[in-house]
>>> print(open('coords00.cif').read())   # mmCIF, C-alpha atoms and all ligand atoms
data_work
loop_
_atom_site.label_atom_id
_atom_site.label_comp_id
_atom_site.auth_asym_id
_atom_site.auth_seq_id
_atom_site.Cartn_x
_atom_site.Cartn_y
_atom_site.Cartn_z
CA MET A 18 112.52 1.67 -50.85
CA THR A 19 115.86 1.61 -49.08
CA ASP A 20 116.05 1.72 -45.30
CA GLU A 21 116.84 5.39 -45.02
CA PRO A 22 113.83 6.87 -46.86
CA LYS A 23 111.69 4.24 -45.14
CA SER A 24 112.73 5.35 -41.70
CA LEU A 25 112.37 8.98 -42.76
CA LEU A 26 108.80 8.28 -43.90
CA ARG A 27 108.13 6.50 -40.61
CA ARG A 28 109.49 9.44 -38.66
CA VAL A 29 107.34 11.91 -40.63
CA LEU A 30 104.25 9.77 -40.10
CA ALA A 31 104.98 9.49 -36.37
CA LYS A 32 105.36 13.27 -36.22
CA ILE A 33 102.05 13.77 -37.99
CA ARG A 34 100.35 11.30 -35.66
CA GLY A 35 101.60 13.34 -32.71
CA LEU A 36 99.80 16.47 -33.94
CA LYS A 37 96.30 17.57 -32.94
CA LEU A 38 93.58 15.83 -34.93
CA HIS A 39 92.36 18.93 -36.75
CA THR A 40 95.93 19.71 -37.83
CA GLN A 41 96.23 16.15 -39.12
CA ILE A 42 93.02 16.59 -41.11
CA LEU A 43 94.34 19.82 -42.59
CA ILE A 44 97.57 18.07 -43.57
CA GLY A 45 95.52 15.27 -45.16
CA LEU A 46 93.63 17.85 -47.17
CA ILE A 47 96.71 19.75 -48.32
CA LEU A 48 98.61 16.58 -49.20
CA GLY A 49 95.58 15.31 -51.13
CA ALA A 50 95.35 18.55 -53.11
CA VAL A 51 99.07 18.60 -53.89
CA LEU A 52 99.69 14.90 -54.51
CA GLY A 53 96.35 14.09 -56.18
CA PRO A 54 97.19 15.55 -59.59
CA LEU A 55 100.63 13.84 -59.47
CA MET A 56 99.12 10.49 -58.55
CA GLY A 57 97.00 10.14 -61.71
CA GLU A 58 95.30 6.73 -61.77
CA VAL A 59 96.52 5.85 -58.27
CA ALA A 60 94.28 8.57 -56.85
CA GLN A 61 91.30 6.67 -58.24
CA TRP A 62 92.49 3.46 -56.59
CA ILE A 63 92.45 5.08 -53.18
CA LYS A 64 89.12 6.79 -53.76
CA PRO A 65 87.23 3.82 -52.21
CA ILE A 66 88.91 4.71 -48.90
CA GLY A 67 87.28 8.14 -49.10
CA ASP A 68 83.94 6.69 -50.13
CA ALA A 69 84.01 4.21 -47.25
CA PHE A 70 84.80 7.08 -44.92
CA ILE A 71 81.71 9.00 -46.10
CA ASN A 72 79.64 5.84 -45.69
CA LEU A 73 80.88 5.52 -42.12
CA LEU A 74 79.68 9.03 -41.33
CA ILE A 75 76.32 8.56 -43.02
CA MET A 76 75.97 5.27 -41.15
CA ILE A 77 76.00 7.15 -37.86
CA VAL A 78 73.75 10.02 -38.77
CA VAL A 79 70.29 8.43 -38.63
CA PRO A 80 70.57 6.61 -35.27
CA LEU A 81 72.33 9.66 -33.80
CA VAL A 82 69.71 12.18 -34.92
CA MET A 83 66.80 9.92 -34.04
CA ALA A 84 68.06 9.06 -30.54
CA SER A 85 69.32 12.52 -29.62
CA LEU A 86 66.23 14.31 -30.92
CA ILE A 87 63.81 12.04 -29.06
CA VAL A 88 65.82 12.38 -25.83
CA GLY A 89 66.17 16.13 -26.39
CA THR A 90 62.44 16.66 -26.99
CA ALA A 91 61.43 14.50 -24.04
CA SER A 92 63.76 16.45 -21.78
CA LEU A 93 62.36 19.82 -22.88
CA GLY A 94 59.16 18.98 -21.03
CA ASP A 95 57.56 22.12 -22.44
CA LEU A 96 55.73 22.34 -25.72
CA LYS A 97 55.87 26.13 -25.74
CA LYS A 98 59.64 26.02 -25.62
CA LEU A 99 59.71 23.59 -28.51
CA GLY A 100 57.51 25.92 -30.57
CA ARG A 101 59.72 28.87 -29.70
CA ILE A 102 62.89 27.07 -30.73
CA GLY A 103 61.19 25.99 -33.96
CA ILE A 104 60.11 29.51 -34.88
CA LYS A 105 63.49 31.05 -34.05
CA THR A 106 65.32 28.41 -36.05
CA VAL A 107 63.19 28.63 -39.16
CA GLY A 108 63.16 32.45 -38.95
CA TYR A 109 66.96 32.58 -38.66
CA TYR A 110 67.39 30.19 -41.56
CA LEU A 111 65.07 32.08 -43.89
CA ILE A 112 66.63 35.44 -43.10
CA ALA A 113 70.21 34.15 -43.37
CA THR A 114 69.45 32.47 -46.70
CA ALA A 115 67.80 35.59 -48.13
CA ILE A 116 70.77 37.74 -47.03
CA ALA A 117 73.12 35.20 -48.61
CA VAL A 118 71.33 35.30 -51.99
CA ALA A 119 71.40 39.10 -51.85
CA PHE A 120 75.15 38.97 -51.16
CA GLY A 121 75.63 36.73 -54.18
CA LEU A 122 73.56 38.96 -56.43
CA GLY A 123 75.32 42.07 -55.16
CA ALA A 124 78.75 40.59 -55.80
CA GLY A 125 77.67 39.44 -59.26
CA LYS A 126 76.44 42.94 -60.10
CA ALA A 127 79.56 44.58 -58.68
CA PHE A 128 82.19 42.37 -60.31
CA ASN A 129 80.47 41.29 -63.54
CA PRO A 130 82.00 37.77 -63.70
CA GLY A 131 80.24 36.96 -66.99
CA ALA A 132 81.03 40.13 -68.89
CA GLY A 133 83.26 39.72 -71.91
CA MET A 134 83.37 35.94 -72.06
CA ASP A 135 84.84 34.79 -75.34
CA GLU A 136 82.12 33.63 -77.80
CA ASP A 137 84.13 30.55 -78.82
CA VAL A 138 84.69 29.49 -75.24
CA LYS A 139 81.00 29.95 -74.55
CA ALA A 140 79.98 27.89 -77.59
CA ARG A 141 82.46 25.13 -76.66
CA MET A 142 81.22 24.86 -73.11
CA LEU A 143 77.60 24.82 -74.14
CA THR A 144 78.33 21.90 -76.48
CA ASP A 145 80.71 20.02 -74.19
CA TYR A 146 78.35 19.97 -71.24
CA ALA A 147 75.01 19.89 -73.08
CA GLY A 148 74.09 16.54 -71.46
CA VAL A 149 74.17 18.11 -68.02
CA THR A 150 71.23 20.39 -68.79
CA GLU A 151 69.03 17.39 -69.58
CA GLU A 152 70.05 15.70 -66.38
CA GLN A 153 69.32 18.78 -64.26
CA LEU A 154 65.96 19.33 -65.93
CA GLN A 155 65.01 15.76 -65.11
CA ARG A 156 65.98 16.29 -61.48
CA VAL A 157 63.91 19.47 -61.32
CA ALA A 158 60.92 17.68 -62.88
CA ASP A 159 61.21 15.04 -60.15
CA LYS A 160 60.93 17.63 -57.39
CA PRO A 161 57.55 17.83 -55.65
CA GLY A 162 55.34 20.95 -55.61
CA LEU A 163 54.66 22.90 -52.40
CA ALA A 164 51.54 20.98 -51.28
CA GLU A 165 53.21 17.65 -51.99
CA PHE A 166 56.32 18.80 -50.16
CA LEU A 167 54.35 19.72 -47.05
CA VAL A 168 52.34 16.49 -47.06
CA ASP A 169 55.57 14.58 -47.51
CA ILE A 170 56.98 15.91 -44.23
CA VAL A 171 54.58 13.50 -42.51
CA PRO A 172 56.10 10.05 -42.93
CA ARG A 173 53.85 7.08 -43.59
CA ASN A 174 56.51 4.88 -42.21
CA PRO A 175 59.22 6.22 -39.89
CA PHE A 176 61.49 3.31 -40.74
CA ARG A 177 61.31 4.18 -44.38
CA ALA A 178 62.16 7.79 -43.49
CA MET A 179 65.24 6.45 -41.71
CA VAL A 180 66.18 4.17 -44.59
CA GLU A 181 65.98 7.12 -46.97
CA THR A 182 67.71 9.55 -44.57
CA ASN A 183 64.80 11.94 -45.00
CA PHE A 184 65.57 14.45 -42.26
CA LEU A 185 62.33 16.39 -42.32
CA GLN A 186 60.37 13.16 -41.84
CA ILE A 187 62.78 11.89 -39.19
CA ILE A 188 62.51 15.19 -37.30
CA PHE A 189 58.72 15.12 -37.53
CA PHE A 190 58.49 11.61 -36.12
CA ALA A 191 61.15 12.11 -33.45
CA LEU A 192 59.47 15.29 -32.18
CA LEU A 193 56.08 13.58 -31.88
CA PHE A 194 57.64 10.54 -30.28
CA GLY A 195 59.52 12.71 -27.77
CA ILE A 196 56.36 14.67 -26.95
CA SER A 197 54.39 11.44 -26.46
CA LEU A 198 57.02 10.19 -24.04
CA THR A 199 56.59 13.26 -21.85
CA ILE A 200 52.94 12.34 -21.42
CA LEU A 201 53.75 8.83 -20.15
CA SER A 202 54.33 8.19 -16.46
CA GLU A 203 57.90 8.49 -15.20
CA GLU A 204 58.10 4.76 -14.71
CA ARG A 205 57.14 3.99 -18.30
CA ARG A 206 59.17 6.79 -19.83
CA GLN A 207 62.49 6.13 -18.13
CA PRO A 208 63.46 2.76 -19.68
CA ILE A 209 63.17 4.06 -23.24
CA LEU A 210 64.90 7.33 -22.42
CA ARG A 211 67.75 5.45 -20.79
CA LEU A 212 68.03 3.20 -23.82
CA LEU A 213 68.00 6.09 -26.29
CA SER A 214 70.46 8.10 -24.19
CA SER A 215 72.83 5.19 -24.36
CA VAL A 216 72.31 4.91 -28.13
CA ASN A 217 73.08 8.62 -28.40
CA ASP A 218 76.22 8.34 -26.27
CA ALA A 219 77.41 5.28 -28.17
CA MET A 220 76.98 7.14 -31.48
CA ILE A 221 79.05 10.05 -30.16
CA VAL A 222 81.77 7.57 -29.17
CA LEU A 223 81.54 6.15 -32.68
CA VAL A 224 81.93 9.63 -34.19
CA LYS A 225 85.15 10.05 -32.25
CA MET A 226 86.40 6.68 -33.45
CA VAL A 227 85.63 7.54 -37.07
CA MET A 228 87.39 10.87 -36.61
CA ARG A 229 90.63 9.07 -35.97
CA VAL A 230 90.70 7.87 -39.55
CA ALA A 231 89.53 11.25 -40.86
CA PRO A 232 92.98 12.45 -42.01
CA LEU A 233 93.27 9.42 -44.27
CA GLY A 234 89.66 9.65 -45.45
CA VAL A 235 90.04 13.35 -46.26
CA PHE A 236 93.33 12.72 -48.04
CA ALA A 237 91.75 10.03 -50.25
CA LEU A 238 88.69 12.16 -51.06
CA ILE A 239 90.65 15.27 -51.94
CA ALA A 240 93.33 13.39 -53.90
CA ALA A 241 90.66 11.78 -56.08
CA VAL A 242 88.94 15.12 -56.72
CA ALA A 243 92.20 16.95 -57.39
CA ALA A 244 93.39 14.26 -59.81
CA GLN A 245 90.26 14.59 -61.92
CA PHE A 246 89.83 18.31 -61.66
CA GLY A 247 89.76 20.23 -64.90
CA TYR A 248 92.35 22.94 -64.28
CA GLY A 249 91.83 24.29 -67.79
CA VAL A 250 88.15 25.01 -67.07
CA LEU A 251 89.17 26.61 -63.80
CA LEU A 252 91.32 29.11 -65.66
CA THR A 253 88.56 29.87 -68.16
CA LEU A 254 86.08 30.50 -65.36
CA LEU A 255 88.57 32.03 -62.97
CA LYS A 256 86.73 35.29 -62.47
CA TYR A 257 83.43 33.54 -61.75
CA VAL A 258 85.10 31.14 -59.30
CA VAL A 259 87.01 33.89 -57.52
CA VAL A 260 83.90 36.07 -57.17
CA THR A 261 81.81 33.14 -55.87
CA ILE A 262 84.34 31.85 -53.37
CA GLY A 263 85.41 35.38 -52.41
CA THR A 264 81.80 36.31 -51.63
CA MET A 265 81.41 33.21 -49.49
CA ILE A 266 84.56 34.09 -47.54
CA VAL A 267 83.37 37.66 -47.01
CA PHE A 268 79.98 36.37 -45.88
CA VAL A 269 81.55 33.98 -43.37
CA LEU A 270 83.85 36.67 -41.99
CA ALA A 271 81.30 39.50 -41.96
CA VAL A 272 77.87 38.03 -41.27
CA TYR A 273 78.44 35.07 -38.93
CA PRO A 274 80.52 37.09 -36.45
CA ILE A 275 77.50 39.39 -36.02
CA SER A 276 75.36 36.43 -35.09
CA LEU A 277 78.10 35.09 -32.80
CA ARG A 278 78.43 38.48 -31.13
CA LEU A 279 74.71 38.44 -30.43
CA SER A 280 75.26 35.03 -28.88
CA GLY A 281 78.11 36.24 -26.69
CA MET A 282 80.63 33.89 -28.30
CA PRO A 283 83.96 35.30 -29.53
CA ALA A 284 84.23 34.66 -33.28
CA THR A 285 87.89 33.64 -32.97
CA TYR A 286 86.92 31.03 -30.42
CA PHE A 287 84.15 29.73 -32.65
CA PHE A 288 86.35 29.38 -35.72
CA LYS A 289 89.25 27.82 -33.81
CA LYS A 290 86.94 25.11 -32.53
CA TYR A 291 84.88 24.83 -35.64
CA TYR A 292 87.26 24.88 -38.58
CA GLU A 293 87.68 21.12 -38.34
CA VAL A 294 83.96 20.73 -39.16
CA MET A 295 84.40 23.12 -42.09
CA LEU A 296 87.28 21.02 -43.42
CA PHE A 297 85.06 18.01 -43.19
CA ALA A 298 82.23 19.65 -45.06
CA PHE A 299 84.70 20.86 -47.67
CA SER A 300 86.14 17.37 -48.17
CA THR A 301 82.82 15.50 -48.30
CA SER A 302 80.65 18.11 -50.10
CA SER A 303 77.79 16.88 -47.94
CA SER A 304 76.07 18.59 -45.04
CA ASN A 305 74.41 15.27 -44.21
CA ALA A 306 77.72 13.41 -43.92
CA THR A 307 79.12 16.25 -41.81
CA LEU A 308 76.20 16.17 -39.39
CA PRO A 309 77.56 13.63 -36.85
CA ILE A 310 80.77 15.58 -36.33
CA ASN A 311 78.90 18.87 -36.39
CA ILE A 312 76.60 17.68 -33.58
CA GLN A 313 79.54 16.41 -31.54
CA VAL A 314 81.63 19.58 -31.89
CA SER A 315 78.64 21.88 -31.31
CA GLN A 316 77.81 20.13 -28.08
CA GLU A 317 81.21 19.37 -26.67
CA ASP A 318 83.35 22.26 -27.91
CA LEU A 319 80.87 25.07 -28.40
CA GLY A 320 78.60 24.22 -25.49
CA VAL A 321 75.25 24.03 -27.33
CA ALA A 322 72.79 21.95 -25.27
CA ASN A 323 71.73 18.62 -26.73
CA ASP A 324 68.05 19.49 -27.17
CA VAL A 325 68.95 22.53 -29.29
CA ALA A 326 71.78 20.93 -31.33
CA SER A 327 69.80 17.77 -32.09
CA PHE A 328 66.94 19.81 -33.54
CA VAL A 329 68.58 22.86 -35.13
CA LEU A 330 71.46 21.09 -36.91
CA PRO A 331 69.60 18.29 -38.76
CA LEU A 332 66.92 20.79 -39.76
CA GLY A 333 69.65 23.13 -41.02
CA ALA A 334 71.32 20.37 -43.05
CA THR A 335 68.11 20.24 -45.06
CA ILE A 336 66.66 23.74 -45.10
CA ASN A 337 69.53 26.15 -44.53
CA MET A 338 72.12 26.58 -47.23
CA ASN A 339 73.79 29.96 -47.12
CA GLY A 340 76.76 28.97 -49.27
CA THR A 341 74.44 27.46 -51.86
CA ALA A 342 72.36 30.64 -51.80
CA ILE A 343 75.42 32.81 -52.50
CA TYR A 344 76.40 30.47 -55.33
CA GLN A 345 72.94 30.82 -56.82
CA GLY A 346 73.08 34.60 -56.65
CA VAL A 347 76.47 34.89 -58.36
CA SER A 348 75.73 32.12 -60.88
CA THR A 349 72.42 33.65 -61.94
CA ILE A 350 74.10 36.96 -62.68
CA PHE A 351 77.03 35.21 -64.37
CA ILE A 352 74.85 33.15 -66.71
CA ALA A 353 72.58 36.12 -67.46
CA GLN A 354 75.63 38.22 -68.38
CA VAL A 355 77.08 35.56 -70.64
CA PHE A 356 73.76 35.33 -72.46
CA GLY A 357 73.48 39.11 -72.55
CA ILE A 358 70.24 39.16 -70.54
CA ALA A 359 69.62 42.24 -68.39
CA LEU A 360 68.01 41.54 -65.03
CA GLY A 361 65.73 44.16 -63.46
CA LEU A 362 65.03 44.70 -59.78
CA GLN A 363 61.93 42.55 -60.01
CA ASP A 364 63.97 39.65 -61.41
CA LEU A 365 66.46 40.00 -58.59
CA LEU A 366 63.69 39.88 -56.01
CA ILE A 367 62.28 36.76 -57.64
CA VAL A 368 65.76 35.21 -57.45
CA VAL A 369 65.97 35.95 -53.70
CA LEU A 370 62.54 34.45 -53.10
CA THR A 371 62.96 31.39 -55.31
CA ALA A 372 66.46 30.58 -54.15
CA THR A 373 65.39 30.86 -50.50
CA LEU A 374 62.35 28.64 -50.97
CA ALA A 375 64.07 26.16 -53.27
CA SER A 376 66.83 25.51 -50.75
CA ILE A 377 64.25 24.45 -48.14
CA GLY A 378 63.38 21.25 -49.91
CA ALA A 379 66.93 20.40 -50.99
CA ALA A 380 68.77 17.73 -49.01
CA GLY A 381 72.36 18.35 -47.92
CA VAL A 382 74.02 16.08 -50.44
CA PRO A 383 76.63 16.76 -53.14
CA GLY A 384 75.49 18.68 -56.18
CA ILE A 385 72.01 19.63 -55.03
CA GLY A 386 72.79 23.33 -55.44
CA MET A 387 72.79 22.90 -59.21
CA VAL A 388 69.26 21.54 -59.11
CA THR A 389 68.06 24.59 -57.20
CA LEU A 390 70.00 26.84 -59.58
CA THR A 391 68.08 25.28 -62.47
CA ILE A 392 64.81 26.16 -60.71
CA VAL A 393 65.95 29.75 -60.18
CA LEU A 394 66.98 30.15 -63.83
CA GLN A 395 63.67 28.76 -65.02
CA GLN A 396 61.78 31.15 -62.77
CA ILE A 397 63.23 34.27 -64.40
CA GLY A 398 63.41 32.95 -67.92
CA ILE A 399 67.18 32.49 -68.31
CA PRO A 400 67.96 29.52 -70.60
CA VAL A 401 68.74 26.54 -68.36
CA GLU A 402 71.39 25.49 -70.88
CA GLY A 403 73.43 28.06 -68.96
CA ILE A 404 74.08 25.36 -66.36
CA ALA A 405 76.59 23.97 -68.87
CA LEU A 406 78.68 27.11 -68.35
CA VAL A 407 79.28 26.45 -64.66
CA VAL A 408 79.37 22.68 -64.41
CA GLY A 409 83.10 22.42 -65.10
CA VAL A 410 83.90 23.98 -61.73
CA GLU A 411 80.91 22.55 -59.88
CA ARG A 412 82.90 20.33 -57.56
CA ILE A 413 85.15 22.99 -56.09
CA LEU A 414 82.19 25.34 -55.61
CA ASP A 415 80.13 22.54 -54.07
CA MET A 416 82.91 21.84 -51.56
CA THR A 417 83.18 25.49 -50.59
CA ARG A 418 79.47 26.14 -50.31
CA THR A 419 79.00 23.04 -48.14
CA ALA A 420 81.57 24.40 -45.66
CA VAL A 421 79.58 27.65 -45.52
CA ASN A 422 76.26 25.80 -45.27
CA VAL A 423 77.21 23.87 -42.13
CA THR A 424 78.72 26.97 -40.51
CA GLY A 425 75.39 28.77 -40.93
CA ASP A 426 73.57 25.88 -39.24
CA THR A 427 75.87 26.01 -36.27
CA THR A 428 75.86 29.79 -35.79
CA CYS A 429 72.07 29.45 -35.67
CA ALA A 430 72.33 26.65 -33.08
CA VAL A 431 74.67 28.80 -30.97
CA TRP A 432 72.27 31.76 -31.15
CA VAL A 433 69.14 29.73 -30.38
CA ALA A 434 70.93 28.07 -27.46
CA LYS A 435 72.02 31.46 -26.17
CA THR A 436 68.51 32.91 -26.30
CA GLU A 437 67.15 29.83 -24.52
CA GLY A 438 69.79 29.96 -21.79
CA GLU A 439 71.19 26.68 -23.09
CA LEU A 440 74.64 27.76 -24.17
CA ASN A 441 77.44 26.76 -21.86
CA ILE A 442 80.52 28.20 -23.54
CA PRO A 443 83.48 26.17 -22.29
CA GLN A 444 85.88 27.85 -19.89
CA ASP A 445 88.76 28.15 -22.33
CA SER A 446 86.89 30.52 -24.67
CA GLU A 447 88.47 33.69 -23.33
CA LYS A 448 91.95 32.27 -23.39
CA LEU A 449 91.51 31.11 -26.98
CA ALA A 450 89.94 34.31 -28.18
CA ALA A 451 92.76 36.39 -26.76
N1 LIG B 501 76.51 19.97 -51.16
C1 LIG B 501 75.76 20.98 -50.46
C2 LIG B 501 75.47 20.50 -49.04
O1 LIG B 501 75.51 19.34 -48.76
C3 LIG B 501 74.47 21.33 -51.14
C4 LIG B 501 74.74 21.96 -52.50
O2 LIG B 501 74.87 21.24 -53.48
O3 LIG B 501 74.84 23.18 -52.56
O4 LIG B 501 75.21 21.32 -48.18
#
>>> encode(input="coords00.cif", output="structure tokens")
Amino acid sequence: MTDEPKSLLRRVLAKIRGLKLHTQILIGLILGAVLGPLMGEVAQWIKPIGDAFINLLIMIVVPLVMASLIVGTASLGDLKKLGRIGIKTVGYYLIATAIAVAFGLGAGKAFNPGAGMDEDVKARMLTDYAGVTEEQLQRVADKPGLAEFLVDIVPRNPFRAMVETNFLQIIFFALLFGISLTILSEERRQPILRLLSSVNDAMIVLVKMVMRVAPLGVFALIAAVAAQFGYGVLLTLLKYVVVTIGTMIVFVLAVYPISLRLSGMPATYFFKKYYEVMLFAFSTSSSNATLPINIQVSQEDLGVANDVASFVLPLGATINMNGTAIYQGVSTIFIAQVFGIALGLQDLLIVVLTATLASIGAAGVPGIGMVTLTIVLQQIGIPVEGIALVVGVERILDMTRTAVNVTGDTTCAVWVAKTEGELNIPQDSEKLAA
């Protein structure tokens, strides 16, 4: 490179570095999407940067959730309040998920994404992706039944729960630990609370440090995805993709603002502060990996108290998936239409119920939505081979639904905090909303 382009590049980089962090992340994402396909092999070389970035985030999540949840529970000092927060959270999550599936089904019925698919295209996709069906069926077979699932929430070994990032088990242990601490004398309780508070604070500092490399991490992740993306499949499935993503956008813009209004938070304020977390979720396809930054932003920028955020958000990463629910609704209709299967009202109700329940046990990691989709299809007798029809665009849909999933967790946290008098909306909200 000659001196001139070099200094131009340096100037551009310096300019970018001078921008706000969330703008930098957005630039990373856009550059990744544009340059990725042009980079070819090179995009795969830089993929390890993105993977390391996800590892960094996951590295923080367990100590952060454990420490902040124990401190949060111990500071509640009131078991009734804990029960109330628990019931509100689970109630919100179940209702939001059911509404989301209904949205997906409604959009599928209204726009018929699967009607008129070419028979040759259908046959080709079913053959090309046949292996995926086997894989999904295996994953479904590995899933525990209801009784096993409930028993499994109680960890035999809390350290194992941490090693496996099993949030339901971590939450269970942390709650009981926090409650036990409140029963100890002040003198015995304080040292451990001070220690855990410091662990919590240090993890938040670490989140902020990791965030500084986020633009690069996001760039690497998106470039690698964009380079490998099958644009041909995207065109074939364009209607299905547009209906799915469009429904998610409508849901985010129509349903969450209602919840925010009930919480007294201007929606514009929320999204201005929060879109950085959505970009993150979009880039990583993982609610779990997004959790550290979600907790930090919810507390510091949205004003959700620690005891609420540390409970509602990790629980949501596991049991609340509104984007995934919409995806399941649209996909079920899409696959049924391609196979020429008519679904009655009873089938649709079963889809709402199954999709809502299935999402409860699904961890917030990439690709889990396809496992739950397999369960839904099985439940109403649609051939699970139909998964092969949607797998070609799985990644882009996974990214989008993850962004919606985390948003649903946080609107719940804002609402629960509001109803508990634990929402301290920062001063600048009115200015920003104007
Ligand atoms: N990737 C999503 C999440 O982490 C789950 C899914 O596959 O739908 O929230």
>>> residues_around(input="coords00.cif", residues="Leu233 in chain A", least_positions_apart="5", cutoff="9 Å", atoms="all atoms listed in the file", output="PyMOL selection string")
chain A and resi 41-42+45-46+66-67+70+238
>>> residues_near_ligand(input="coords00.cif", ligand="ligand LIG 501 (chain B)", cutoff="10 Å", atoms="all atoms listed in the file", output="MDAnalysis selection string")
chainID A and resid 298:299 301:308 333:345 376 379:390 411:412 414:423
>>> closest_residue(input="coords00.cif", among="A:Val260, A:Ala284, A:Ala60, A:Ala191", to="Val272 in chain A", atoms="all atoms listed in the file")
A:Ala284
>>> closest_residue(input="coords00.cif", among="A:Lys97, A:Arg156, A:Arg205, A:His39", to="Arg229 in chain A", atoms="all atoms listed in the file")
A:His39
>>> closest_atom_pairs(input="coords00.cif", of="range 100-191 of chain A", to="range 356-374 of chain A", cutoff="7 Å", atoms="all atoms listed in the file", output="CSV")
residue,atom,partner,partner_atom,distance
A:Leu111,CA,A:Thr373,CA,6.7
A:Thr114,CA,A:Thr373,CA,5.8
A:Ala115,CA,A:Thr373,CA,5.8
A:Val118,CA,A:Val369,CA,5.7
A:Ala119,CA,A:Val369,CA,6.5
>>> closest_residue(input="coords00.cif", among="A:Ile104, A:Pro175, A:Met282, A:Val88", to="Leu198 in chain A", atoms="only C-alpha atoms")
A:Val88
>>> closest_residue(input="coords00.cif", among="A:Ala375, A:Leu210, A:Val347, A:Ile352", to="Ala127 in chain A", atoms="only C-alpha atoms")
A:Val347
>>> closest_residue(input="coords00.cif", among="A:Ile63, A:Ile102, A:Val138, A:Gln186", to="Leu252 in chain A", atoms="all atoms listed in the file")
A:Val138
>>> closest_residue(input="coords00.cif", among="A:Phe328, A:Trp432, A:Tyr292, A:Tyr257", to="Thr349 in chain A", atoms="all atoms listed in the file")
A:Tyr257
>>> residues_around(input="coords00.cif", residues="range 312-319 of chain A", least_positions_apart="5", cutoff="9 Å", atoms="only C-alpha atoms", output="PyMOL selection string")
chain A and resi 82+221+224-225+282+286-287+290-291+293-294+307+326-327+330-331+427+430-431+440-443+446
>>> residues_near_point(input="coords00.cif", point="(71.0, 30.8, -32.3)", cutoff="8 Å", atoms="only C-alpha atoms", output="ChimeraX atom specification")
/A:105-106,109,276,280,427-436
>>> residues_near_point(input="coords00.cif", point="(88.7, 16.5, -67.4)", cutoff="12 Å", atoms="all atoms listed in the file", output="list in words")
Pro54, Gly57, Asp145, Tyr146, Val242, Ala243, Ala244, Gln245, Phe246, Gly247, Tyr248, Gly249, Val250, Leu251, Val408, Gly409 and Val410 of chain A
>>> write_last_selection(input="coords00.cif", atoms="C-alpha atoms", output="PDB file, keeping the file's coordinate frame")
ATOM      1  CA  PRO A  54      97.190  15.550 -59.590  1.00  0.00           C
ATOM      2  CA  GLY A  57      97.000  10.140 -61.710  1.00  0.00           C
ATOM      3  CA  ASP A 145      80.710  20.020 -74.190  1.00  0.00           C
ATOM      4  CA  TYR A 146      78.350  19.970 -71.240  1.00  0.00           C
ATOM      5  CA  VAL A 242      88.940  15.120 -56.720  1.00  0.00           C
ATOM      6  CA  ALA A 243      92.200  16.950 -57.390  1.00  0.00           C
ATOM      7  CA  ALA A 244      93.390  14.260 -59.810  1.00  0.00           C
ATOM      8  CA  GLN A 245      90.260  14.590 -61.920  1.00  0.00           C
ATOM      9  CA  PHE A 246      89.830  18.310 -61.660  1.00  0.00           C
ATOM     10  CA  GLY A 247      89.760  20.230 -64.900  1.00  0.00           C
ATOM     11  CA  TYR A 248      92.350  22.940 -64.280  1.00  0.00           C
ATOM     12  CA  GLY A 249      91.830  24.290 -67.790  1.00  0.00           C
ATOM     13  CA  VAL A 250      88.150  25.010 -67.070  1.00  0.00           C
ATOM     14  CA  LEU A 251      89.170  26.610 -63.800  1.00  0.00           C
ATOM     15  CA  VAL A 408      79.370  22.680 -64.410  1.00  0.00           C
ATOM     16  CA  GLY A 409      83.100  22.420 -65.100  1.00  0.00           C
ATOM     17  CA  VAL A 410      83.900  23.980 -61.730  1.00  0.00           C
TER      18      VAL A 410
END
>>> axis_aligned_box(input="coords00.cif", around="range 174-182 of chain A", padding_each_side="6 Å", output="lines of an AutoDock Vina configuration file")
center_x = 62.1
center_y = 6.4
center_z = -43.4
size_x = 23.2
size_y = 18.2
size_z = 19.1
>>> build_atoms(input="coords00.cif", residues="range 216-221 of chain A", atoms="N, CA, C and O atoms", output="compact mmCIF listing (two decimals), in the frame of the given file")
# COMPACT_ATOMS: atom_id res chain seq x y z
N VAL A 216 72.08 4.96 -26.67
CA VAL A 216 72.31 4.91 -28.13
C VAL A 216 73.01 6.20 -28.56
O VAL A 216 74.02 6.18 -29.28
N ASN A 217 72.50 7.32 -28.07
CA ASN A 217 73.08 8.62 -28.40
C ASN A 217 74.57 8.68 -28.00
O ASN A 217 75.44 9.03 -28.80
N ASP A 218 74.83 8.28 -26.76
CA ASP A 218 76.22 8.34 -26.27
C ASP A 218 77.13 7.42 -27.09
O ASP A 218 78.26 7.77 -27.42
N ALA A 219 76.59 6.23 -27.40
CA ALA A 219 77.41 5.28 -28.17
C ALA A 219 77.73 5.86 -29.55
O ALA A 219 78.83 5.68 -30.08
N MET A 220 76.75 6.55 -30.15
CA MET A 220 76.98 7.14 -31.48
C MET A 220 78.05 8.24 -31.41
O MET A 220 78.86 8.39 -32.31
N ILE A 221 78.03 8.99 -30.31
CA ILE A 221 79.05 10.05 -30.16
C ILE A 221 80.44 9.39 -30.01
O ILE A 221 81.43 9.86 -30.60
